[in-house]
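Novice: Can you read through this structure? Questions will come right after.
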Amino acid sequence: MNSNTQEAIKTSYLSIAGNLALAIIKGVAGIFGNSYALIADAIESTTDVFSSLLVLLGLKYSSRPPDENHPYGHGKAEPLITFMVVMFLIISAAIIIYESIQHIKTPHKVPEPFTLLVLAGIIITKEIFYRFVSKKSELTNSTSLKADAWHHRSDAITSLMAFIGITIALLMGKGYETADDWAAIFAAGFILYNAYLILRPALGEVMDEHMYDEMIVDIRKVAEEVPGVVETEKCFVRKTGMIYHVDLHIAVAAEITVKEGHDIAHEVKNDLLQELPEIADVLIHVEPDDEL
């Protein structure tokens, strides 16, 4: 298991613990504070616990080394887990919308003022979690960890909407008891939008979509610095979990021997693996420069 995977797993454990603690706090405060927006927030955090567990399982499975049946490793499991995380987001948003509508139809008390203090603490905590997990996702190149980070951000937004709704209900008084319910519905809409933002890159990863222009520039630069490489032609990159596989065509002088071309290709591969450690393997095709 490489360092990126270990770091991602540690971060996932922190997400699970944080989501579980906040779900309990929100649920208790929502029940005793007469706030369905806070209860809805607790529901969303509960689904976050399950989605973070999925992320953890996906990270552990995707880190398995290649075997006879999976020569490229098990990394594709990670975006598949991301799809499941998105499903949890959609389900939680649907539950929030449905229950909020039911509460709007049913008269209820104005939320208690102390719920605002609870929400303020949750908003700050969740935003900190988002920034921490998001940074870790960038460092580890983890799609599922990025999805988990957006769970924290969507939770912060849900709590912010609840804060605004409860504030309106408290300030405006009678007739505005449902303000926090409407706030929960708006928050659910934001969650659905985030679900799309998370789904799009994961889908591109599964389909091996061309998304790595910056890396290709770095690959060409490293390869063309190797003595004997005239130029580089085709270069394809595909992501598998937190690592990358590269197909590269290089041009060499037409008059050199097959062995010399083979040695150049090996040097290119070694340099790429050393300079770009996120690359797991490179398949190099050698062509004579007079055919380009």
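By convention here, the chains of the structure tokens are called A, B, ... in the order presented, each chain's residues are numbered starting at 1, and ligands are numbered starting at 1 in the order presented.
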With only C-alpha atoms counted and 8 Å as the cut-off, give the residues of stretch 2-45 of chain A in contact with stretch 104-127 of chain A, each with its shortest interatomic distance in Å and the pair that gives it, as CSV.
Specialist:
residue,atom,partner,partner_atom,distance
A:Leu22,CA,A:Ile122,CA,7.3
A:Lys26,CA,A:Val118,CA,7.7
A:Ala29,CA,A:Thr115,CA,6.4
A:Gly30,CA,A:Thr115,CA,7.3
A:Gly33,CA,A:Glu112,CA,4.7
A:Asn34,CA,A:Pro111,CA,4.7
A:Ser35,CA,A:Pro111,CA,5.0
A:Leu38,CA,A:Leu119,CA,7.9
Novice: A:Asp263: which residues within 12 Å, counting only C-alpha atoms, same-chain residues fewer than 2 positions away excluded, as a list in words?
Specialist: Val226, Pro227, Gly228, Val229, Val252, Ile256, Thr257, Val258, Lys259, Glu260, Gly261, Ala265, His266, Glu267, Val268, Lys269, Asn270, Ile284 and Val286 of chain A
Novice: Rounded to one decimal, what separation in Å do you get between atom CA of A:Ser154 and atom CA of A:Ile191?
Specialist: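 It comes out at 5.7 Å.
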Novice: Given the choices A:Ala162, A:Leu203, A:Ser51, A:Thr240, which gets closest to A:His74 if the distance is worked out from only C-alpha atoms?
Specialist: A:Thr240
Novice: So which one's closest to A:Gly241, A:Pro71, A:Pro66, A:Gly27, A:Pro79? Using only C-alpha atoms, please.
Specialist: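 The shortest atom-to-atom distance to A:Gly241 comes from A:Pro79.
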Novice: Can you work out the spacing between atom CA of A:Gly175 and atom CA of A:Phe163 in Å, to one decimal?
Specialist: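 Distance reported for this atom pair: 17.7 Å.
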Novice: Which neighbours of A:Glu225 fall inside 10 Å, counting only C-alpha atoms, when residues of the same chain fewer than 5 positions from it are skipped, and could you give them as a ChimeraX atom specification?
Specialist: /A:220,230-231,268,271
Novice: Please produce a file of the residues just selected, as an mmCIF file, in the first residue's frame, where the atoms kept are all heavy atoms.
Specialist:
data_model
loop_
_atom_site.group_PDB
_atom_site.id
_atom_site.type_symbol
_atom_site.label_atom_id
_atom_site.label_comp_id
_atom_site.auth_asym_id
_atom_site.auth_seq_id
_atom_site.Cartn_x
_atom_site.Cartn_y
_atom_site.Cartn_z
ATOM 1 N N ARG A 220 5.823 14.623 -21.886
ATOM 2 C CA ARG A 220 6.574 14.929 -23.109
ATOM 3 C C ARG A 220 7.900 15.618 -22.781
ATOM 4 O O ARG A 220 8.938 15.328 -23.390
ATOM 5 C CB ARG A 220 5.737 15.818 -24.033
ATOM 6 C CG ARG A 220 4.516 15.119 -24.630
ATOM 7 C CD ARG A 220 3.849 16.018 -25.668
ATOM 8 N NE ARG A 220 2.608 15.468 -26.163
ATOM 9 C CZ ARG A 220 2.508 14.519 -27.096
ATOM 10 N NH1 ARG A 220 3.622 14.008 -27.616
ATOM 11 N NH2 ARG A 220 1.331 14.078 -27.493
ATOM 12 N N VAL A 230 13.973 11.725 -30.559
ATOM 13 C CA VAL A 230 13.852 12.830 -31.521
ATOM 14 C C VAL A 230 12.647 13.691 -31.150
ATOM 15 O O VAL A 230 12.713 14.913 -31.106
ATOM 16 C CB VAL A 230 13.711 12.289 -32.964
ATOM 17 C CG1 VAL A 230 13.525 13.445 -33.948
ATOM 18 C CG2 VAL A 230 14.934 11.454 -33.334
ATOM 19 N N GLU A 231 11.520 13.030 -30.896
ATOM 20 C CA GLU A 231 10.308 13.726 -30.463
ATOM 21 C C GLU A 231 9.316 12.699 -29.917
ATOM 22 O O GLU A 231 9.532 11.495 -30.014
ATOM 23 C CB GLU A 231 9.678 14.509 -31.621
ATOM 24 C CG GLU A 231 9.224 13.645 -32.791
ATOM 25 C CD GLU A 231 8.549 14.465 -33.878
ATOM 26 O OE1 GLU A 231 7.720 15.322 -33.531
ATOM 27 O OE2 GLU A 231 8.856 14.234 -35.068
ATOM 28 N N VAL A 268 13.602 6.187 -21.056
ATOM 29 C CA VAL A 268 12.451 7.094 -20.992
ATOM 30 C C VAL A 268 11.498 6.645 -19.874
ATOM 31 O O VAL A 268 11.046 7.461 -19.055
ATOM 32 C CB VAL A 268 11.696 7.124 -22.337
ATOM 33 C CG1 VAL A 268 10.360 7.860 -22.185
ATOM 34 C CG2 VAL A 268 12.540 7.804 -23.407
ATOM 35 N N ASP A 271 12.978 7.309 -16.370
ATOM 36 C CA ASP A 271 12.962 8.732 -16.034
ATOM 37 C C ASP A 271 11.548 9.202 -15.679
ATOM 38 O O ASP A 271 11.353 10.002 -14.753
ATOM 39 C CB ASP A 271 13.506 9.566 -17.199
ATOM 40 C CG ASP A 271 15.018 9.474 -17.316
ATOM 41 O OD1 ASP A 271 15.626 8.723 -16.524
ATOM 42 O OD2 ASP A 271 15.595 10.134 -18.205
#
Novice: Hey, what's within 12 Å of A:Asp213 if we count only C-alpha atoms and toss same-chain stuff fewer than 4 positions away? As a list of chain:residue names, please?
Specialist: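 Those residues are A:Glu209, A:Val217, A:Asp218, A:Ile219, A:Arg220, A:Cys235, A:Phe236, A:Val237, A:Arg238.
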Novice: The selected residues should be written to file as a PDB file, in the first residue's frame (atoms: C-alpha atoms).
Specialist:
ATOM      1  CA  GLU A 209     -11.811  10.439 -20.853  1.00  0.00           C
ATOM      2  CA  VAL A 217       2.957  18.235 -21.102  1.00  0.00           C
ATOM      3  CA  ASP A 218       5.172  17.050 -18.220  1.00  0.00           C
ATOM      4  CA  ILE A 219       5.471  13.560 -19.741  1.00  0.00           C
ATOM      5  CA  ARG A 220       6.574  14.929 -23.109  1.00  0.00           C
ATOM      6  CA  CYS A 235       0.464  10.187 -25.496  1.00  0.00           C
ATOM      7  CA  PHE A 236      -2.530   8.725 -23.662  1.00  0.00           C
ATOM      8  CA  VAL A 237      -3.117   8.856 -19.910  1.00  0.00           C
ATOM      9  CA  ARG A 238      -5.710   6.977 -17.904  1.00  0.00           C
TER      10      ARG A 238
END
Novice: Name the closest residue to A:Ser142 among the candidates A:Ala40, A:Ile81, A:Ile24, A:Asn69; distances are taken between atoms, counting only C-alpha atoms.
Specialist: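 Counting only C-alpha atoms, the residue closest to A:Ser142 is A:Ile81.
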Novice: Quick one: of A:Gly189, A:Pro201, A:Gly75, A:Gly58, who's nearest to A:Ile97, counting only C-alpha atoms?
Specialist: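 Ranking A:Gly189, A:Pro201, A:Gly75, A:Gly58 by distance to A:Ile97, first place goes to A:Gly189.
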Novice: Which residue out of A:Phe32, A:Leu139, A:Asp148, A:Val133 has the minimum interatomic distance to A:Val49 when only C-alpha atoms are used?
Specialist: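 The answer is A:Asp148, which sits nearest to A:Val49.
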Novice: Quick one: pull the distance between atom CA of A:Ile9 and atom CA of A:Lys60, Å, one decimal.
Specialist: 7.4 Å
Novice: Looking only at the backbone, which of the residues in stretch 76-292 of chain A does DSSP tag as strand (DSSP E or B), as a PyMOL selection string?
Specialist: chain A and resi 229-240+243-252+279-288
Novice: Which residues are near A:Leu54? Cut-off 12 Å, only C-alpha atoms, ignore same chain within fewer than 5 positions. Put them as a PyMOL selection string.
Specialist: chain A and resi 9+12-13+15-16+47-49+59-62+77-88+144-145+147-148
